[in-house]
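target05.cif (mmCIF, C-alpha atoms) appears below.
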```
data_coords
#
loop_
_atom_site.label_atom_id
_atom_site.label_comp_id
_atom_site.auth_asym_id
_atom_site.auth_seq_id
_atom_site.Cartn_x
_atom_site.Cartn_y
_atom_site.Cartn_z
CA LEU A 4 5.48 112.47 -36.17
CA LYS A 5 1.84 111.76 -36.93
CA TRP A 6 2.54 108.93 -39.41
CA LEU A 7 4.70 107.18 -36.80
CA LYS A 8 1.97 107.44 -34.18
CA ASP A 9 -0.58 106.12 -36.67
CA TRP A 10 1.72 103.20 -37.54
CA ARG A 11 2.19 102.35 -33.89
CA ALA A 12 -1.55 102.49 -33.30
CA VAL A 13 -2.15 100.11 -36.21
CA ALA A 14 0.61 97.76 -35.00
CA GLU A 15 -0.83 97.70 -31.47
CA SER A 16 -4.31 97.02 -32.85
CA VAL A 17 -2.99 94.11 -34.93
CA CYS A 18 -1.15 92.69 -31.92
CA ARG A 19 -4.29 92.88 -29.80
CA SER A 20 -6.28 91.11 -32.53
CA VAL A 21 -3.66 88.38 -32.83
CA ARG A 22 -3.60 87.85 -29.06
CA ALA A 23 -7.40 87.71 -28.93
CA MET A 24 -7.50 85.22 -31.81
CA PHE A 25 -4.88 83.04 -30.12
CA ALA A 26 -6.81 83.13 -26.84
CA PHE A 27 -9.99 82.06 -28.65
CA TRP A 28 -8.40 79.15 -30.50
CA ALA A 29 -6.45 78.07 -27.43
CA PHE A 30 -9.74 77.96 -25.49
CA VAL A 31 -11.39 75.84 -28.21
CA LEU A 32 -8.48 73.46 -28.79
CA LEU A 33 -7.84 72.84 -25.10
CA GLY A 34 -11.50 71.96 -24.62
CA ILE A 35 -11.64 69.21 -27.26
CA GLU A 36 -10.00 66.60 -25.04
CA ARG A 37 -12.28 67.43 -22.14
CA PHE A 38 -15.42 66.93 -24.24
CA LEU A 39 -14.09 63.62 -25.59
CA TYR A 40 -13.60 62.30 -22.07
CA GLY A 41 -16.93 63.71 -20.96
CA TYR A 42 -18.60 61.81 -23.82
CA ILE A 43 -16.91 58.54 -22.83
CA TYR A 44 -17.77 59.07 -19.17
CA HIS A 45 -21.47 59.77 -19.67
CA PHE A 46 -22.11 57.66 -22.78
CA PRO A 47 -19.87 54.58 -22.53
CA GLU A 48 -22.27 52.36 -24.47
CA SER A 49 -22.43 54.89 -27.29
CA PHE A 50 -18.64 55.03 -27.33
CA LYS A 51 -18.45 51.23 -27.51
CA LYS A 52 -20.84 51.24 -30.49
CA LEU A 53 -18.61 53.83 -32.12
CA CYS A 54 -15.66 51.51 -31.56
CA ASP A 55 -17.59 48.58 -33.04
CA GLY A 56 -18.49 50.68 -36.09
CA PRO A 57 -16.42 53.52 -37.55
CA LEU A 58 -13.49 52.85 -35.19
CA LYS A 59 -13.50 49.06 -35.57
CA GLU A 60 -10.00 49.04 -37.11
CA VAL A 61 -8.69 50.97 -34.12
CA LEU A 62 -10.49 48.55 -31.78
CA LYS A 63 -8.98 45.61 -33.66
CA TRP A 64 -5.51 47.15 -33.40
CA ASP A 65 -6.13 47.61 -29.66
CA ASP A 66 -6.96 43.90 -29.20
CA GLY A 67 -10.67 44.60 -28.75
CA LEU A 68 -10.12 46.67 -25.60
CA TYR A 69 -12.36 49.73 -25.48
CA TRP A 70 -10.32 51.46 -22.79
CA LEU A 71 -7.22 51.22 -25.01
CA VAL A 72 -9.14 52.95 -27.80
CA ALA A 73 -10.03 55.70 -25.33
CA LYS A 74 -6.38 55.95 -24.34
CA HIS A 75 -5.09 56.19 -27.88
CA LEU A 76 -7.75 58.72 -28.90
CA GLY A 77 -6.66 60.77 -25.91
CA VAL A 78 -3.02 60.52 -26.98
CA VAL A 79 -3.89 61.74 -30.47
CA ILE A 80 -5.94 64.65 -29.13
CA LYS A 81 -3.06 65.58 -26.80
CA VAL A 82 -1.51 67.02 -29.96
CA PHE A 83 -3.87 69.99 -29.55
CA GLN A 84 -2.83 70.55 -25.94
CA PHE A 85 0.89 70.17 -26.63
CA GLY A 86 0.56 72.27 -29.78
CA VAL A 87 -1.08 75.17 -27.94
CA ILE A 88 1.46 75.09 -25.10
CA GLY A 89 4.40 74.66 -27.47
CA TYR A 90 3.26 77.51 -29.70
CA ASP A 91 2.67 79.74 -26.70
CA LEU A 92 6.04 79.08 -25.03
CA LEU A 93 8.34 78.62 -28.01
CA ILE A 94 6.92 80.88 -30.72
CA CYS A 95 4.79 83.58 -29.09
CA ARG A 96 7.50 84.82 -26.74
CA SER A 97 11.20 84.92 -26.05
CA PHE A 98 12.43 82.04 -23.92
CA GLY A 99 13.60 82.93 -20.43
CA LEU A 100 13.87 81.32 -17.02
CA ALA A 101 12.33 82.87 -13.94
CA SER A 102 14.28 84.35 -11.07
CA PRO A 103 15.85 81.77 -8.69
CA SER A 104 13.04 82.06 -6.12
CA LEU A 105 10.30 81.70 -8.73
CA LEU A 106 12.23 78.90 -10.41
CA VAL A 107 12.33 76.94 -7.15
CA LEU A 108 8.59 77.53 -6.66
CA GLY A 109 7.87 76.43 -10.22
CA VAL A 110 9.91 73.25 -9.87
CA VAL A 111 8.13 72.38 -6.60
CA VAL A 112 4.68 72.94 -8.14
CA LEU A 113 5.65 71.03 -11.30
CA ALA A 114 7.08 68.13 -9.30
CA ALA A 115 3.99 67.97 -7.06
CA GLY A 116 1.80 67.74 -10.13
CA GLN A 117 3.90 65.00 -11.67
CA VAL A 118 3.88 63.01 -8.41
CA LEU A 119 0.08 63.11 -8.35
CA ASN A 120 -0.16 62.17 -12.02
CA VAL A 121 2.26 59.24 -11.79
CA SER A 122 0.73 58.07 -8.51
CA VAL A 123 -2.72 57.80 -10.08
CA PHE A 124 -1.38 55.62 -12.89
CA ASN A 125 0.47 53.46 -10.35
CA ALA A 126 -2.66 53.16 -8.20
CA ILE A 127 -5.34 52.27 -10.76
CA GLY A 128 -3.36 51.67 -13.95
CA ALA A 129 -4.04 52.99 -17.42
CA MET A 130 -7.28 51.00 -17.58
CA GLY A 131 -8.61 52.84 -14.55
CA VAL A 132 -7.48 56.22 -15.84
CA TYR A 133 -9.06 55.68 -19.26
CA TYR A 134 -12.58 54.88 -18.08
CA GLY A 135 -12.22 51.14 -17.65
CA THR A 136 -14.93 51.13 -14.97
CA GLN A 137 -17.39 53.06 -17.16
CA LEU A 138 -16.61 50.79 -20.11
CA GLY A 139 -17.38 47.61 -18.15
CA TYR A 140 -13.97 46.43 -16.98
CA THR A 141 -13.13 45.50 -13.41
CA VAL A 142 -10.82 48.08 -11.91
CA PRO A 143 -9.75 47.34 -8.32
CA TRP A 144 -10.78 50.04 -5.85
CA CYS A 145 -7.85 51.98 -4.45
CA ASN A 146 -7.73 53.47 -0.95
CA GLY A 147 -4.02 54.27 -1.01
CA PHE A 148 -2.12 57.33 -2.19
CA PRO A 149 -3.19 59.63 -3.78
CA TYR A 150 -6.80 58.63 -3.08
CA ASN A 151 -6.27 58.80 0.68
CA THR A 152 -5.63 62.55 0.48
CA PRO A 153 -8.18 65.40 0.55
CA ILE A 154 -7.41 66.07 -3.13
CA SER A 155 -10.35 65.24 -5.34
CA ASP A 156 -9.48 64.07 -8.86
CA PRO A 157 -5.73 63.91 -8.13
CA GLN A 158 -4.75 63.11 -11.71
CA TYR A 159 -6.46 66.20 -13.10
CA TRP A 160 -5.07 68.43 -10.36
CA GLY A 161 -1.69 66.89 -11.12
CA VAL A 162 -1.93 68.06 -14.74
CA VAL A 163 -3.05 71.53 -13.65
CA LEU A 164 -0.16 71.85 -11.18
CA PHE A 165 2.32 70.60 -13.78
CA VAL A 166 1.23 73.23 -16.31
CA TRP A 167 1.31 76.03 -13.73
CA GLY A 168 4.73 74.90 -12.52
CA MET A 169 6.11 74.91 -16.05
CA TYR A 170 4.85 78.44 -16.70
CA ILE A 171 6.18 79.69 -13.37
CA CYS A 172 9.60 78.27 -14.26
CA LEU A 173 9.51 80.13 -17.57
CA CYS A 174 8.28 83.42 -16.14
CA GLY A 175 11.43 85.23 -17.30
CA PRO A 176 12.19 88.91 -17.88
CA GLY A 177 9.95 89.00 -20.96
CA ALA A 178 6.90 88.31 -18.78
CA GLU A 179 7.31 91.48 -16.72
CA GLY A 180 4.18 93.59 -16.94
CA GLN A 181 2.39 90.80 -18.85
CA VAL A 182 1.35 88.47 -16.05
CA VAL A 183 -2.15 87.92 -17.45
CA ARG A 184 -0.79 87.22 -20.92
CA HIS A 185 1.95 84.92 -19.61
CA PHE A 186 -0.41 82.78 -17.54
CA LEU A 187 -3.28 82.69 -20.05
CA ILE A 188 -2.80 79.01 -20.92
CA PRO A 189 -2.57 77.81 -17.30
CA VAL A 190 -5.78 79.73 -16.57
CA LEU A 191 -7.53 78.14 -19.56
CA GLU A 192 -6.25 74.68 -18.61
CA THR A 193 -7.50 75.18 -15.04
CA PHE A 194 -10.90 76.24 -16.36
CA TRP A 195 -11.29 73.17 -18.56
CA TYR A 196 -10.04 70.68 -15.98
CA VAL A 197 -12.34 72.13 -13.31
CA CYS A 198 -15.18 71.89 -15.86
CA SER A 199 -14.33 68.22 -16.29
CA MET A 200 -14.26 67.57 -12.55
CA LYS A 201 -17.42 69.49 -11.73
CA LEU A 202 -19.53 69.04 -14.87
CA LEU A 203 -18.27 67.12 -17.90
CA GLU A 204 -17.20 64.09 -15.86
CA ASP A 205 -19.48 64.52 -12.86
CA THR A 206 -22.35 62.06 -12.58
CA LYS A 207 -24.72 64.38 -10.72
CA ASN A 208 -24.01 67.78 -12.25
CA GLY A 209 -23.20 66.50 -15.71
CA GLY A 210 -26.17 64.15 -15.74
CA THR A 211 -28.50 66.95 -14.68
CA ALA A 212 -27.17 69.23 -17.44
CA LEU A 213 -27.49 66.50 -20.09
CA ARG A 214 -31.05 65.66 -19.06
CA ALA A 215 -31.96 69.35 -19.11
CA MET A 216 -30.68 69.52 -22.70
CA GLY A 217 -32.55 66.35 -23.64
CA LEU A 218 -29.34 64.43 -24.32
CA LYS A 219 -29.89 61.85 -21.58
CA ARG A 220 -32.98 59.99 -20.40
CA ARG A 221 -34.52 61.07 -17.10
CA ASP A 222 -34.08 57.57 -15.68
CA ALA A 223 -30.43 57.29 -16.78
#
```

Rewrite the coordinates I just gave you, this time as C-alpha cells.
Amino acid sequence: LKWLKDWRAVAESVCRSVRAMFAFWAFVLLGIERFLYGYIYHFPESFKKLCDGPLKEVLKWDDGLYWLVAKHLGVVIKVFQFGVIGYDLLICRSFGLASPSLLVLGVVVLAAGQVLNVSVFNAIGAMGVYYGTQLGYTVPWCNGFPYNTPISDPQYWGVVLFVWGMYICLCGPGAEGQVVRHFLIPVLETFWYVCSMKLLEDTKNGGTALRAMGLKRRDA
C-alpha cells in the first residue's frame, strides 16, 4: 500500500533526524568538560582570579583550595557525561548483555580502564589529578605505576577503556547491524579525550594553537 510506504518513509526520516540530533548534542555536551580542563591547564592564573571573584563562595566552601574548586566543577560537569551515557544506554535502546565471549572482553577492557584510573589517583592524589601543579601546589613527582608504563596520560586512557568496556558488555542482540550507532558514544569520548591529550591539555600543541588565535601571549 502506498500510504503505508509513505508512512514508513516519514518514520525512517524522523528516526534519522532524531539520531543526528542526539549525535550533535552528545558531541557538544561531552566536550564541555574537556574545554573546562583545557582552560584550567592553560590559564591557571585566570582560573584562580575567577575563583577569587564570581566563584569566591565555592572557593570559601573548598577551604581556599583552587584545586578543590576545579575538582568540584568537574564533578558538576560530569552530569553531562553521565547524562549522555545514561540516556544512550537506558532510554535510546533496549537493554541487553553481550554474548559470553564479548562480555568477557568487555569486562577485561572495563577493568583495565578502572585499574589505570584508580592507580593515577593513588599515585598523585586528587590534587595532582585536578591540576594542583598548574595551580601552584607542590605535587610529588611519581615514577611508579602507572607512570612507569608506555601509556601516556593513563588516567584519560583509563576513562576511555572503561567506557568502551561498558559498551562492549552491553552489545546485546539489539545492537546487531547497528555497530556504528551502538558505539557512537565511545567514539565521541575517544575523540574528546584524545583532543585533551594532544591539544587542549598539551603545552606545545595547545599553546601553539592558542597563540595562533591570539588567546595567549607569544612569550607565554

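Between CA of Glu192 (chain A) and CA of Trp28 (chain A) the interatomic distance comes to 12.9 Å.
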
List as a Markdown table every residue of region 129-183 of chain A that is in contact with region 71-88 of chain A, defined as an atom at most 10 Å from one of its atoms (using all atoms listed in the file), together with the nearest atom pair and the distance in Å rounded to one decimal, sorted by chain and then rising number.
```
| residue | atom | partner | partner_atom | distance |
| --- | --- | --- | --- | --- |
| A:Ala129 | CA | A:Lys74 | CA | 7.9 |
| A:Met130 | CA | A:Leu71 | CA | 7.4 |
| A:Val132 | CA | A:Lys74 | CA | 8.6 |
| A:Tyr133 | CA | A:Lys74 | CA | 5.7 |
| A:Tyr134 | CA | A:Ala73 | CA | 7.7 |
| A:Gly135 | CA | A:Leu71 | CA | 8.9 |
| A:Leu138 | CA | A:Ala73 | CA | 9.7 |
| A:Val166 | CA | A:Ile88 | CA | 9.0 |
| A:Tyr170 | CA | A:Ile88 | CA | 9.7 |
```

Which residues, written as a VMD selection string, have at least one atom at most 12 Å from Arg96 (chain A), with all atoms listed in the file counted and residues fewer than 5 positions away on the same chain left out? chain A and resid 22 88 to 91 173 to 178 181 184 to 185

Kindly indicate which residue among A:Pro189, A:Ala212, A:Arg221, A:Leu105 lies nearest to Ala29 (chain A), using all atoms listed in the file for the distances.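 Distance minimum relative to Ala29 (chain A) lands on A:Pro189.
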
Explicit residue set for the PyMOL selection byres ((chain A and resi 45) around 12), as a VMD selection string: chain A and resid 38 to 44 46 to 51 134 136 to 138 199 202 to 214 218 to 220 223

Quick one: residues within 12 Å of Val163 (chain A), all atoms listed in the file, excluding same-chain residues fewer than 3 positions away - as a compact mmCIF listing (two decimals) with C-alpha atoms, in the coordinates of the input?
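Output saved as selection.txt:
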```txt
# COMPACT_ATOMS: atom_id res chain seq x y z
CA VAL A 112 4.68 72.94 -8.14
CA LEU A 113 5.65 71.03 -11.30
CA ALA A 114 7.08 68.13 -9.30
CA ALA A 115 3.99 67.97 -7.06
CA GLY A 116 1.80 67.74 -10.13
CA GLN A 117 3.90 65.00 -11.67
CA LEU A 119 0.08 63.11 -8.35
CA ASN A 120 -0.16 62.17 -12.02
CA ASP A 156 -9.48 64.07 -8.86
CA PRO A 157 -5.73 63.91 -8.13
CA GLN A 158 -4.75 63.11 -11.71
CA TYR A 159 -6.46 66.20 -13.10
CA TRP A 160 -5.07 68.43 -10.36
CA VAL A 166 1.23 73.23 -16.31
CA TRP A 167 1.31 76.03 -13.73
CA GLY A 168 4.73 74.90 -12.52
CA MET A 169 6.11 74.91 -16.05
CA TYR A 170 4.85 78.44 -16.70
CA ILE A 188 -2.80 79.01 -20.92
CA PRO A 189 -2.57 77.81 -17.30
CA VAL A 190 -5.78 79.73 -16.57
CA LEU A 191 -7.53 78.14 -19.56
CA GLU A 192 -6.25 74.68 -18.61
CA THR A 193 -7.50 75.18 -15.04
CA PHE A 194 -10.90 76.24 -16.36
CA TRP A 195 -11.29 73.17 -18.56
CA TYR A 196 -10.04 70.68 -15.98
CA VAL A 197 -12.34 72.13 -13.31
CA MET A 200 -14.26 67.57 -12.55
```

Could you state the separation of CA of Phe30 (chain A) and CA of Val183 (chain A) in Å, given to one decimal place? 14.9 Å

Between CA of Cys145 (chain A) and CA of Val111 (chain A), what is the distance in Å, rounded to a tenth?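 According to the coordinates, CA of Cys145 (chain A) and CA of Val111 (chain A) are separated by 26.0 Å.
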